[in-house]
Protein chains: 2
Amino acid sequence: MKFNPTQALKIALNPASIAVVGASDNPNKIGGRPLAYMARFGFKGVVYPINPQRSEVQGYKTFPSLQALPNTPDVVVIAVPGELAVQAVFECADMGVACCIIMSSGFGESGREGRLQEQKMVERARLTGMRLIGPNSQGMANFGNGAVASFSTMFSEIAHSDGPLGIISQSGAMSVIPYGLLRNRSIGVRHSHATGNDCDVTACELASVVAEDPALKLLILYLEGIPDPWNLAKAAQIARARDLPIVVLKSGRTALGQQAAQSHTGALANEDRTVDAFLKDHGIWRAQNIRELIDAAPLYLQGWRPQGRRLVAISNSGAVCVLTADAAATENMPMLPLLDETQNALKKILPGFATTTNPVDITAALLSNSRLLGDILPPIATDPAADAFLIGIAVAGTGYDLNAFVQDSKNFAQATGKPLVIAASQPVVGDHFKKEGLLVYPTEGEAVQALSNFLSHRELIAAVTKNNPLPPKAVLTVENEKMLDEVQSLSLLKEHFVPVVSHSLCSNLEEALKIFKSWGHAQVVLKGCTKDVSHKTELNLVKLNLDSSEAITSAFESITKSAAKHGVKLEGVIIAKQLKGERELMIGARLDPVFGPVVILGDGGKYVEAMPDVQVLLAPLSRNAVVEAIAKLRIAPLFKGVRGEKGLDLAAFTECALRVSDLISQTDLGITQIDINPVITGAPGIGCKAVDAVIYQGSVKAHELNDPGYVRP
Amino acid sequence: MKFNPTQALKIALNPASIAVVGASDNPNKIGGRPLAYMARFGFKGVVYPINPQRSEVQGYKTFPSLQALPNTPDVVVIAVPGELAVQAVFECADMGVACCIIMSSGFGESGREGRLQEQKMVERARLTGMRLIGPNSQGMANFGNGAVASFSTMFSEIAHSDGPLGIISQSGAMSVIPYGLLRNRSIGVRHSHATGNDCDVTACELASVVAEDPALKLLILYLEGIPDPWNLAKAAQIARARDLPIVVLKSGRTALGQQAAQSHTGALANEDRTVDAFLKDHGIWRAQNIRELIDAAPLYLQGWRPQGRRLVAISNSGAVCVLTADAAATENMPMLPLLDETQNALKKILPGFATTTNPVDITAALLSNSRLLGDILPPIATDPAADAFLIGIAVAGTGYDLNAFVQDSKNFAQATGKPLVIAASQPVVGDHFKKEGLLVYPTEGEAVQALSNFLSHRELIAAVTKNNPLPPKAVLTVENEKMLDEVQSLSLLKEHFVPVVSHSLCSNLEEALKIFKSWGHAQVVLKGCTKDVSHKTELNLVKLNLDSSEAITSAFESITKSAAKHGVKLEGVIIAKQLKGERELMIGARLDPVFGPVVILGDGGKYVEAMPDVQVLLAPLSRNAVVEAIAKLRIAPLFKGVRGEKGLDLAAFTECALRVSDLISQTDLGITQIDINPVITGAPGIGCKAVDAVIYQGSVKAHELNDPGYVRP
């Protein structure tokens, strides 16, 4: 092995030489663009066009083949189709190239045949430690050193500027759409890389290397699938260590989107709530769409370190004040009244009909006296009510001293050091503020939302602890999965300290009656015990509220008959104590193929599918994570008690969730799925008990992402 | 009375002459702007500046007083402060002016004193039928005839164009912020009126007159309070009759926003869910913020009459396809696969790795062959899968035939006659499409959301029926409100055909035991009956599941003791049959001061406040409206039955809601509030019964909005 894999990737980001296989003299062809861009963007390294037909391409000396090169290039761009591309990769591996960027399409995104071809290239590359970007990649662009080995049209359309942004995307278009939108806002971009099919280097792995670039202040990722969360966790760790926030736009949020992603980059469909849980655990904000991402981006570049999310707003329009208050309330940003002394200071400056609480309404009096804004800002700057500010200039122009507004706002921002956004719908007004480096949004709604997203992300990052679970460095597959029956499931839980209901498996009626007697005729439940079906209620295999021998006898017979009628084989009939708790909750767990052990908890009972109220968490869980998740449930108020109720035993339920987390996390147990519903939970101090449970076991195998013999689905 | 009030308002929109009291030679002063604008925007009528200091203002012959005018003007703009303004209004009334536009501030928005002054002006105006706009109004602007009697700075900042948009706003800023944003999108605006404090003419009443302008294709309202929904209902009726959609941005959605609105325009705080219900009933779309409103506006101006909300999307980027699919799924816009024959036609045109289902991914192959887009559009145009289309041009420029894309898209739009939106993040690409009249959004997310809002609004309008309830033409106040006890409440319900549980009021234990016996010892409930408190459970005044004389005896004593302990006076103890239904639901009703009778229905039981799941409807209800509302509840699946359950008696519960709707709508009953919880509801055919109820009665008075003696709060 010539290269350490990470080292090779670092070389790919800062290569001394780049060859282009399939070099074209036409700068608008795929094989021509990288050459044109490296010239235009000042790449200082050596460029080797490869084209057997020409001795010169775009002014560069050109070579007939890779073998004909005087030196081994660090990076080779491959812009020839199909089998020729595979051949070129093999040659590069043999030569000791550090990284190939495969632009050619028609591989993994077209189906299994293409996936196998990718596998062949990866295996060959592994022999020397060479890395592969793509195939189906639009290329890599590092504007820090001019290594723009990309064929994107965007780079010839939009004036370039190096800057603090990094973009890594599985899609070519999405590596440059944010680039264009950010450049339109005069934000410089250093990295814009498109990893395509991720056959070897994934977008997440590349992120973990790019995150080390000290010039970056924000890293943006577009992902259609996350096959390797461990790489993203690593990137997040590196980024957090140097306070570099990561924003992810993960598409395929919906079934329709996942289907489209499958045809686009052959992306693996991640379970969406699990993605949410994972990103949150690692301090990564998941933007819902491009607009949200672009609107928030400029806020990251100001060096602000906000301490909270309380907003103070100021405008010359009452309507902007009202709309800002609505938007802030929707975004859960408190707007506290200013101190009395601040308000008194404002009252001395503003007309009597102005509002001085918060939001502060200067009113249209600003038209008569443009000093009003500048005069009220200093007292507001020292008021402790704000973590962030919004200034809304609803209308300005002729009759207003716009330059004063801009200068006053700028001084204010510098004095407070706190985030400040400007809402101004008139382009001419906005441009004045932008010229002085202030952040402008056309409407207060957009300004508040961007601010809120930024502040929430700061909170998310602050909440990341060292104990947050890490995903396994492997893809998990399950074989020979089988369902345990209820008695086996409850026993396994009990063995691992999950409290379960008192119960016993009876092979005949006499046994059941004997146990009923031994329990002092307490109310009981009878349930058919079977490995055949998990939902027993629908098949009439469950009988509740039995409090006499007659009732038990009749229930026992009915269960046996129903089982026979539905062809269900019974292992016996379970007799269990009928528990009267305060609420039926649920705890579930499963092994996600890439995120590993996952726990689901929430409201239980029979409506869990029809009216779900659950939270998804990555295991192993911390006590804190469980308590936080419970607080987000719709039924959260029930834990404290509603209308004179005692509430629910939070401690016991939390403990129970932690035990389940342990069970699903101990891979040697071979547990692949757990469903405990209901977990009957009592008032505080009373505890909770698993009353019904289904557990699946199987043989779990861990694969490296590109294991020989393991072809990604 | 000289004028009919509506006629006077019509004159105000098309005046033959306008005087300005407080006319200024400075075109940037409040009293100067209207003169400058009328000159600039070509007002053909007579303009009379009034200023005792000057004989000429801005080139107009100027008069020292209203009395000195040669003729009575149709409209008088009042730009003098406080008492001078009141005086001018009085003079105008005496002279027979049709309408005053009062720009002066410091009236109703400053408190009760100002409100009383407004009242004085209104009373004087009523004597002749003169109408008042404002005070605190920025003015009225009708670009159709140049009657721009406004002091907004916006009109001197943004190039003007008459067009199919009307904007009416209580706020000055919000009468022109949408104006500016729409003009930036090259959309012409005819009306931009700011009604300020709405002391006489409200924004809603003005809307009912402006809605008659045949030039309009969309009417936008910004409201902070709706004191007169009947006027808005009238406007909506007029607008629907000529297919003019109305979009409302109603701020004060949140408590914080309502507080800010109170200080801004002294707006009455409307209950927000009632506002939603009202607007929906009248086919008015409520935009949540300015961005949403502006993004959707252009869609209304194309003459499209879409039949549904199924989307077909086409892009040269797979990522745009995936993001569009996500956005469509979020917006509940189905994306159905194209017909096999369409797909076969596309497969003949596109490369093998392209996707032809829906979304259609042309892939980056568009760079090599710009004809691909134009070639696939005709087969897609004839496919029945679409009600609307999105074309996403992720990247274009050098190497692409952008003009062909635009022409092909334009032909496609004309051929289908169906809504088409373009997503293009590059301004240069977007501008090409815009120049040809196509609708462009920077991202697919915004495009899909705008399209969805437009299509939803079409559905909303189509769903309006003649039977939709109309609000009372009055403001309702309630005096001497008192609570009925449970027995009185249940009796009132029963009298009006709401089914109630079998029950009886007992003054002593013996009576209770006698009834228990007469009911054959069926399980019963005992409850203390009192007029003092409505929540009885917390005070231990409710005892459930009683099935023996002993239990009843002990419960009776316990209730009597608890009542004594809490100082609650009992009217007796209620014995009621213990009902076992399938679910506890709730039905409530109240009188809204301006919207009139309102019904609330949903999930019941004791968690109705902690975990609300209810729908708010305006009464009187139609059967359809109830069924639709139930379908929107979280518990909707329970009506059909979940996991083998029989479901709930929808017909009986609906009937019950209709009876409650009748009760709250019959004003002669003096009912001001009804809370029935639980309504125990059985399986279909079993019925439902009110088990506990609280009714309030009081003396309800109806006021005209500007009744003499009634000052708005």
# chains A, B, ... in the order shown; residues from 1 in each chain; ligands from 1
>>> select_by_dssp(residues="range 525-617 of chain A", states="strand (DSSP E)", output="PyMOL selection string")
chain A and resi 525-529+542-546+572-577+583-592+596-603+614-617
>>> write_last_selection(atoms="N, CA, C and O atoms", output="compact mmCIF listing (two decimals), in the first residue's frame")
# COMPACT_ATOMS: atom_id res chain seq x y z
N VAL A 525 -55.11 -11.55 33.38
CA VAL A 525 -55.25 -11.50 31.93
C VAL A 525 -54.82 -12.86 31.41
O VAL A 525 -53.87 -13.45 31.94
N LEU A 526 -55.48 -13.38 30.39
CA LEU A 526 -54.99 -14.58 29.70
C LEU A 526 -54.63 -14.20 28.26
O LEU A 526 -55.36 -13.45 27.62
N LYS A 527 -53.50 -14.74 27.80
CA LYS A 527 -53.07 -14.44 26.42
C LYS A 527 -52.51 -15.71 25.78
O LYS A 527 -51.73 -16.42 26.42
N GLY A 528 -52.88 -15.97 24.56
CA GLY A 528 -52.27 -17.06 23.83
C GLY A 528 -50.82 -16.74 23.55
O GLY A 528 -50.50 -15.63 23.14
N CYS A 529 -49.91 -17.70 23.80
CA CYS A 529 -48.48 -17.46 23.57
C CYS A 529 -48.07 -18.16 22.29
O CYS A 529 -48.26 -19.38 22.15
N VAL A 542 -56.41 -12.46 23.38
CA VAL A 542 -56.16 -11.75 24.63
C VAL A 542 -57.49 -11.55 25.37
O VAL A 542 -58.47 -11.10 24.78
N LYS A 543 -57.53 -11.90 26.63
CA LYS A 543 -58.74 -11.72 27.44
C LYS A 543 -58.38 -10.97 28.72
O LYS A 543 -57.54 -11.45 29.51
N LEU A 544 -59.02 -9.83 28.93
CA LEU A 544 -58.67 -8.95 30.05
C LEU A 544 -59.69 -9.05 31.19
O LEU A 544 -60.76 -9.62 31.02
N ASN A 545 -59.32 -8.48 32.34
CA ASN A 545 -60.26 -8.28 33.47
C ASN A 545 -60.91 -9.56 33.95
O ASN A 545 -62.11 -9.61 34.20
N LEU A 546 -60.15 -10.62 34.11
CA LEU A 546 -60.72 -11.89 34.57
C LEU A 546 -60.56 -11.95 36.08
O LEU A 546 -59.45 -11.84 36.60
N GLY A 572 -48.66 -22.31 24.61
CA GLY A 572 -49.34 -22.37 25.90
C GLY A 572 -50.15 -21.11 26.07
O GLY A 572 -50.27 -20.30 25.13
N VAL A 573 -50.75 -20.95 27.24
CA VAL A 573 -51.51 -19.73 27.52
C VAL A 573 -50.86 -19.01 28.69
O VAL A 573 -50.52 -19.64 29.70
N ILE A 574 -50.64 -17.72 28.51
CA ILE A 574 -50.00 -16.94 29.57
C ILE A 574 -51.06 -16.42 30.53
O ILE A 574 -52.08 -15.88 30.08
N ILE A 575 -50.82 -16.60 31.82
CA ILE A 575 -51.65 -15.91 32.80
C ILE A 575 -50.77 -14.81 33.40
O ILE A 575 -49.59 -15.02 33.70
N ALA A 576 -51.32 -13.61 33.45
CA ALA A 576 -50.54 -12.48 33.96
C ALA A 576 -51.42 -11.64 34.85
O ALA A 576 -52.65 -11.59 34.65
N LYS A 577 -50.82 -10.98 35.82
CA LYS A 577 -51.60 -10.09 36.67
C LYS A 577 -52.09 -8.90 35.84
O LYS A 577 -51.36 -8.39 34.98
N ARG A 583 -50.78 5.12 32.87
CA ARG A 583 -50.74 5.30 31.41
C ARG A 583 -49.99 4.13 30.77
O ARG A 583 -49.03 3.62 31.33
N GLU A 584 -50.43 3.78 29.57
CA GLU A 584 -49.71 2.78 28.78
C GLU A 584 -48.71 3.49 27.88
O GLU A 584 -49.09 4.24 27.00
N LEU A 585 -47.42 3.24 28.14
CA LEU A 585 -46.37 3.83 27.29
C LEU A 585 -45.76 2.73 26.43
O LEU A 585 -46.20 1.58 26.49
N MET A 586 -44.78 3.09 25.61
CA MET A 586 -44.11 2.07 24.80
C MET A 586 -42.62 2.36 24.71
O MET A 586 -42.19 3.52 24.80
N ILE A 587 -41.85 1.30 24.56
CA ILE A 587 -40.41 1.43 24.26
C ILE A 587 -40.09 0.42 23.18
O ILE A 587 -40.47 -0.75 23.29
N GLY A 588 -39.43 0.88 22.12
CA GLY A 588 -39.03 -0.02 21.06
C GLY A 588 -37.56 0.17 20.77
O GLY A 588 -36.93 1.12 21.24
N ALA A 589 -37.00 -0.74 20.00
CA ALA A 589 -35.59 -0.59 19.60
C ALA A 589 -35.38 -1.39 18.33
O ALA A 589 -36.11 -2.34 18.05
N ARG A 590 -34.40 -0.95 17.54
CA ARG A 590 -34.06 -1.73 16.35
C ARG A 590 -32.63 -1.43 15.95
O ARG A 590 -32.03 -0.46 16.43
N LEU A 591 -32.11 -2.29 15.10
CA LEU A 591 -30.76 -2.06 14.56
C LEU A 591 -30.91 -1.41 13.20
O LEU A 591 -31.48 -1.99 12.28
N ASP A 592 -30.42 -0.20 13.07
CA ASP A 592 -30.42 0.45 11.75
C ASP A 592 -29.18 -0.03 11.00
O ASP A 592 -28.11 -0.15 11.59
N GLY A 596 -26.86 1.92 13.37
CA GLY A 596 -26.72 1.01 14.50
C GLY A 596 -27.93 1.02 15.39
O GLY A 596 -29.05 1.23 14.93
N PRO A 597 -27.72 0.80 16.70
CA PRO A 597 -28.86 0.65 17.61
C PRO A 597 -29.65 1.94 17.78
O PRO A 597 -29.09 3.01 17.97
N VAL A 598 -30.98 1.83 17.68
CA VAL A 598 -31.89 2.96 17.74
C VAL A 598 -33.00 2.61 18.74
O VAL A 598 -33.47 1.48 18.75
N VAL A 599 -33.37 3.57 19.58
CA VAL A 599 -34.46 3.36 20.54
C VAL A 599 -35.61 4.30 20.20
O VAL A 599 -35.38 5.45 19.81
N ILE A 600 -36.83 3.80 20.32
CA ILE A 600 -38.04 4.61 20.10
C ILE A 600 -38.86 4.56 21.39
O ILE A 600 -39.06 3.48 21.94
N LEU A 601 -39.28 5.71 21.88
CA LEU A 601 -40.10 5.67 23.08
C LEU A 601 -41.23 6.68 22.98
O LEU A 601 -41.14 7.65 22.22
N GLY A 602 -42.30 6.45 23.72
CA GLY A 602 -43.41 7.38 23.65
C GLY A 602 -44.68 6.81 24.20
O GLY A 602 -44.66 5.91 25.04
N ASP A 603 -45.79 7.34 23.70
CA ASP A 603 -47.10 6.93 24.16
C ASP A 603 -47.37 5.52 23.62
O ASP A 603 -46.99 5.20 22.49
N VAL A 614 -44.11 9.56 19.39
CA VAL A 614 -42.86 8.90 19.80
C VAL A 614 -41.66 9.77 19.46
O VAL A 614 -41.75 10.69 18.66
N GLN A 615 -40.55 9.48 20.10
CA GLN A 615 -39.26 10.10 19.80
C GLN A 615 -38.27 9.00 19.45
O GLN A 615 -38.31 7.92 20.05
N VAL A 616 -37.42 9.30 18.49
CA VAL A 616 -36.41 8.34 18.06
C VAL A 616 -35.05 8.81 18.56
O VAL A 616 -34.70 9.98 18.40
N LEU A 617 -34.28 7.90 19.15
CA LEU A 617 -32.97 8.26 19.71
C LEU A 617 -31.94 7.22 19.31
O LEU A 617 -32.25 6.03 19.22
>>> closest_atom_pairs(of="chain B", to="chain A", cutoff="7 Å", atoms="only C-alpha atoms", output="Markdown table")
| residue | atom | partner | partner_atom | distance |
| --- | --- | --- | --- | --- |
| B:Asn28 | CA | A:Gly399 | CA | 5.7 |
| B:Gly106 | CA | A:Phe353 | CA | 5.9 |
| B:Ser110 | CA | A:Phe353 | CA | 5.7 |
| B:Thr153 | CA | A:Ala396 | CA | 6.5 |
| B:Met154 | CA | A:Val395 | CA | 6.4 |
| B:Glu157 | CA | A:Gly397 | CA | 6.4 |
| B:Ser171 | CA | A:Ala319 | CA | 6.0 |
| B:Ala173 | CA | A:Ser317 | CA | 6.0 |
| B:Met174 | CA | A:Ala319 | CA | 6.5 |
| B:Ile177 | CA | A:Ser425 | CA | 6.5 |
| B:Gly180 | CA | A:Gln426 | CA | 6.7 |
| B:Leu181 | CA | A:Ser425 | CA | 6.7 |
| B:Ser251 | CA | A:Leu323 | CA | 6.0 |
| B:Gly252 | CA | A:Asp326 | CA | 6.3 |
| B:Arg253 | CA | A:Asp326 | CA | 6.0 |
| B:Thr254 | CA | A:Asp326 | CA | 5.5 |
| B:Leu256 | CA | A:Ala325 | CA | 5.6 |
| B:Gly257 | CA | A:Asp326 | CA | 4.7 |
| B:Ala260 | CA | A:Val322 | CA | 5.1 |
| B:Ala261 | CA | A:Val322 | CA | 5.6 |
| B:Ser263 | CA | A:Thr355 | CA | 6.7 |
| B:His264 | CA | A:Gly318 | CA | 5.2 |
| B:Asn289 | CA | A:Gly445 | CA | 6.4 |
| B:Ile290 | CA | A:Thr443 | CA | 6.8 |
| B:Arg291 | CA | A:Thr443 | CA | 6.9 |
| B:Ser317 | CA | A:Ala173 | CA | 6.0 |
| B:Gly318 | CA | A:His264 | CA | 5.2 |
| B:Ala319 | CA | A:Ser171 | CA | 6.0 |
| B:Cys321 | CA | A:Ala260 | CA | 6.7 |
| B:Val322 | CA | A:Gly257 | CA | 4.9 |
| B:Leu323 | CA | A:Ser251 | CA | 6.0 |
| B:Ala325 | CA | A:Gly257 | CA | 4.7 |
| B:Asp326 | CA | A:Gly257 | CA | 4.7 |
| B:Ala329 | CA | A:Thr254 | CA | 6.5 |
| B:Phe353 | CA | A:Ser110 | CA | 5.7 |
| B:Thr355 | CA | A:Ser263 | CA | 6.7 |
| B:Ala394 | CA | A:Ala173 | CA | 6.1 |
| B:Val395 | CA | A:Met154 | CA | 6.4 |
| B:Ala396 | CA | A:Thr153 | CA | 6.5 |
| B:Gly397 | CA | A:Glu157 | CA | 6.4 |
| B:Thr398 | CA | A:Thr153 | CA | 6.8 |
| B:Gly399 | CA | A:Asn28 | CA | 5.7 |
| B:Ser425 | CA | A:Ile177 | CA | 6.5 |
| B:Gln426 | CA | A:Gly180 | CA | 6.7 |
| B:Thr443 | CA | A:Ile290 | CA | 6.8 |
| B:Gly445 | CA | A:Asn289 | CA | 6.4 |
| B:Glu538 | CA | A:Gly644 | CA | 5.7 |
| B:Ala610 | CA | A:Pro637 | CA | 6.5 |
| B:Met611 | CA | A:Arg634 | CA | 6.8 |
| B:Arg634 | CA | A:Met611 | CA | 6.8 |
| B:Pro637 | CA | A:Ala610 | CA | 6.5 |
| B:Arg643 | CA | A:Glu538 | CA | 6.5 |
| B:Gly644 | CA | A:Glu538 | CA | 5.7 |
>>> write_last_selection(atoms="C-alpha atoms", output="PDB file, in the first residue's frame")
ATOM      1  CA  ASN B  28     -41.437  65.350   1.081  1.00  0.00           C
ATOM      2  CA  GLY B 106     -52.349  60.370  17.927  1.00  0.00           C
ATOM      3  CA  SER B 110     -52.916  56.258  21.667  1.00  0.00           C
ATOM      4  CA  THR B 153     -42.259  57.408   0.406  1.00  0.00           C
ATOM      5  CA  MET B 154     -42.518  54.166  -1.580  1.00  0.00           C
ATOM      6  CA  GLU B 157     -38.859  55.260  -4.860  1.00  0.00           C
ATOM      7  CA  SER B 171     -50.998  49.798   8.194  1.00  0.00           C
ATOM      8  CA  ALA B 173     -46.129  50.385   5.632  1.00  0.00           C
ATOM      9  CA  MET B 174     -47.991  47.236   4.701  1.00  0.00           C
ATOM     10  CA  ILE B 177     -44.252  46.912   1.187  1.00  0.00           C
ATOM     11  CA  GLY B 180     -42.742  47.520  -3.731  1.00  0.00           C
ATOM     12  CA  LEU B 181     -42.103  43.786  -3.742  1.00  0.00           C
ATOM     13  CA  SER B 251     -51.123  39.595  11.851  1.00  0.00           C
ATOM     14  CA  GLY B 252     -51.520  39.249  15.580  1.00  0.00           C
ATOM     15  CA  ARG B 253     -51.443  35.469  15.093  1.00  0.00           C
ATOM     16  CA  THR B 254     -49.714  35.094  18.451  1.00  0.00           C
ATOM     17  CA  LEU B 256     -47.014  38.709  21.387  1.00  0.00           C
ATOM     18  CA  GLY B 257     -48.183  39.857  17.966  1.00  0.00           C
ATOM     19  CA  ALA B 260     -47.913  44.749  19.383  1.00  0.00           C
ATOM     20  CA  ALA B 261     -50.982  45.240  17.165  1.00  0.00           C
ATOM     21  CA  SER B 263     -50.141  49.495  20.380  1.00  0.00           C
ATOM     22  CA  HIS B 264     -49.974  49.964  16.625  1.00  0.00           C
ATOM     23  CA  ASN B 289     -46.105  36.059   6.046  1.00  0.00           C
ATOM     24  CA  ILE B 290     -45.198  38.573   3.347  1.00  0.00           C
ATOM     25  CA  ARG B 291     -42.855  36.226   1.517  1.00  0.00           C
ATOM     26  CA  SER B 317     -30.454  17.909 -12.128  1.00  0.00           C
ATOM     27  CA  GLY B 318     -31.277  14.777 -10.196  1.00  0.00           C
ATOM     28  CA  ALA B 319     -30.913  16.718  -6.954  1.00  0.00           C
ATOM     29  CA  CYS B 321     -35.779  16.251  -8.864  1.00  0.00           C
ATOM     30  CA  VAL B 322     -35.254  14.791  -5.365  1.00  0.00           C
ATOM     31  CA  LEU B 323     -35.765  18.134  -3.607  1.00  0.00           C
ATOM     32  CA  ALA B 325     -40.291  15.380  -4.754  1.00  0.00           C
ATOM     33  CA  ASP B 326     -39.634  16.122  -1.068  1.00  0.00           C
ATOM     34  CA  ALA B 329     -44.795  15.422  -0.652  1.00  0.00           C
ATOM     35  CA  PHE B 353     -29.283   6.704 -17.258  1.00  0.00           C
ATOM     36  CA  THR B 355     -35.206   8.952 -15.269  1.00  0.00           C
ATOM     37  CA  ALA B 394     -30.311  23.781 -12.063  1.00  0.00           C
ATOM     38  CA  VAL B 395     -27.417  25.217 -14.024  1.00  0.00           C
ATOM     39  CA  ALA B 396     -27.176  26.746 -17.472  1.00  0.00           C
ATOM     40  CA  GLY B 397     -25.108  29.296 -19.341  1.00  0.00           C
ATOM     41  CA  THR B 398     -22.118  28.831 -21.633  1.00  0.00           C
ATOM     42  CA  GLY B 399     -22.601  25.604 -23.533  1.00  0.00           C
ATOM     43  CA  SER B 425     -31.116  29.824  -9.027  1.00  0.00           C
ATOM     44  CA  GLN B 426     -28.947  31.777 -11.483  1.00  0.00           C
ATOM     45  CA  THR B 443     -35.308  27.380  -5.688  1.00  0.00           C
ATOM     46  CA  GLY B 445     -38.825  24.673  -2.680  1.00  0.00           C
ATOM     47  CA  GLU B 538     -60.199  18.342  41.393  1.00  0.00           C
ATOM     48  CA  ALA B 610     -53.177  19.632  28.240  1.00  0.00           C
ATOM     49  CA  MET B 611     -53.283  17.873  24.868  1.00  0.00           C
ATOM     50  CA  ARG B 634     -55.738  13.735  15.240  1.00  0.00           C
ATOM     51  CA  PRO B 637     -58.781   7.310  12.555  1.00  0.00           C
ATOM     52  CA  ARG B 643     -57.027  -2.544  15.087  1.00  0.00           C
ATOM     53  CA  GLY B 644     -60.316  -4.371  15.027  1.00  0.00           C
TER      54      GLY B 644
END
>>> closest_residue(among="B:Ile294, B:Leu301, B:Leu13, B:Leu663", to="His191 in chain B", atoms="only C-alpha atoms")
B:Leu13
>>> residues_around(residues="Asp387 in chain B", least_positions_apart="3", cutoff="10 Å", atoms="only C-alpha atoms", output="PyMOL selection string")
chain B and resi 305-312+333-335+384+416-420+455
>>> residues_around(residues="range 120-132 of chain A", least_positions_apart="6", cutoff="8 Å", atoms="only C-alpha atoms", output="list of chain:residue names")
A:Met1, A:Lys2, A:Phe3, A:Asn4, A:Pro5, A:Ala8, A:Leu9, A:Val86, A:Val89, A:Phe90, A:Ala93, A:Asp94, A:Gly96, A:Val97, A:Ala98, A:Cys99, A:Cys100, A:Ile101, A:Ile102, A:Cys199, A:Asp200, A:Val201, A:Asn706, A:Pro708
>>> closest_residue(among="B:Leu621, B:Ile686, B:Asn231, B:Ile630", to="Lys646 in chain B", atoms="only C-alpha atoms")
B:Ile686
>>> residues_around(residues="Leu182 in chain A", least_positions_apart="5", cutoff="9 Å", atoms="only C-alpha atoms", output="list in words")
Leu165, Ile177, Ile187, Gly188, Val189, Ile294, Ala297 and Pro298 of chain A
>>> residues_around(residues="Met38 in chain A", least_positions_apart="3", cutoff="8 Å", atoms="only C-alpha atoms", output="CSV table (one decimal) with C-alpha atoms, in the first residue's frame")
chain,number,residue,atom,x,y,z
A,34,PRO,CA,-11.2,21.4,-15.9
A,35,LEU,CA,-8.3,22.6,-18.0
A,41,PHE,CA,-8.4,30.1,-11.3
A,42,GLY,CA,-4.6,30.1,-11.1
A,43,PHE,CA,-3.7,26.5,-10.3
A,146,GLY,CA,-7.0,26.9,-8.0
A,147,ALA,CA,-7.3,23.1,-8.2
A,148,VAL,CA,-10.7,23.4,-9.9
A,149,ALA,CA,-11.0,20.0,-11.5
>>> decode(residues="range 538-542 of chain B", atoms="N, CA, C and O atoms", output="mmCIF file, in the first residue's frame")
data_model
loop_
_atom_site.group_PDB
_atom_site.id
_atom_site.type_symbol
_atom_site.label_atom_id
_atom_site.label_comp_id
_atom_site.auth_asym_id
_atom_site.auth_seq_id
_atom_site.Cartn_x
_atom_site.Cartn_y
_atom_site.Cartn_z
ATOM 1 N N GLU B 538 -61.299 17.936 40.519
ATOM 2 C CA GLU B 538 -60.199 18.342 41.393
ATOM 3 C C GLU B 538 -60.651 18.504 42.841
ATOM 4 O O GLU B 538 -59.850 18.395 43.761
ATOM 5 N N LEU B 539 -61.943 18.819 43.049
ATOM 6 C CA LEU B 539 -62.433 19.055 44.416
ATOM 7 C C LEU B 539 -63.061 17.798 45.006
ATOM 8 O O LEU B 539 -63.745 17.858 46.026
ATOM 9 N N ASN B 540 -62.826 16.661 44.336
ATOM 10 C CA ASN B 540 -63.341 15.397 44.869
ATOM 11 C C ASN B 540 -64.863 15.357 44.916
ATOM 12 O O ASN B 540 -65.427 14.723 45.817
ATOM 13 N N LEU B 541 -65.492 16.004 43.954
ATOM 14 C CA LEU B 541 -66.964 16.021 43.957
ATOM 15 C C LEU B 541 -67.539 14.999 42.970
ATOM 16 O O LEU B 541 -68.739 15.009 42.698
ATOM 17 N N VAL B 542 -66.674 14.145 42.422
ATOM 18 C CA VAL B 542 -67.127 13.150 41.439
ATOM 19 C C VAL B 542 -66.695 11.759 41.887
ATOM 20 O O VAL B 542 -65.530 11.551 42.226
#
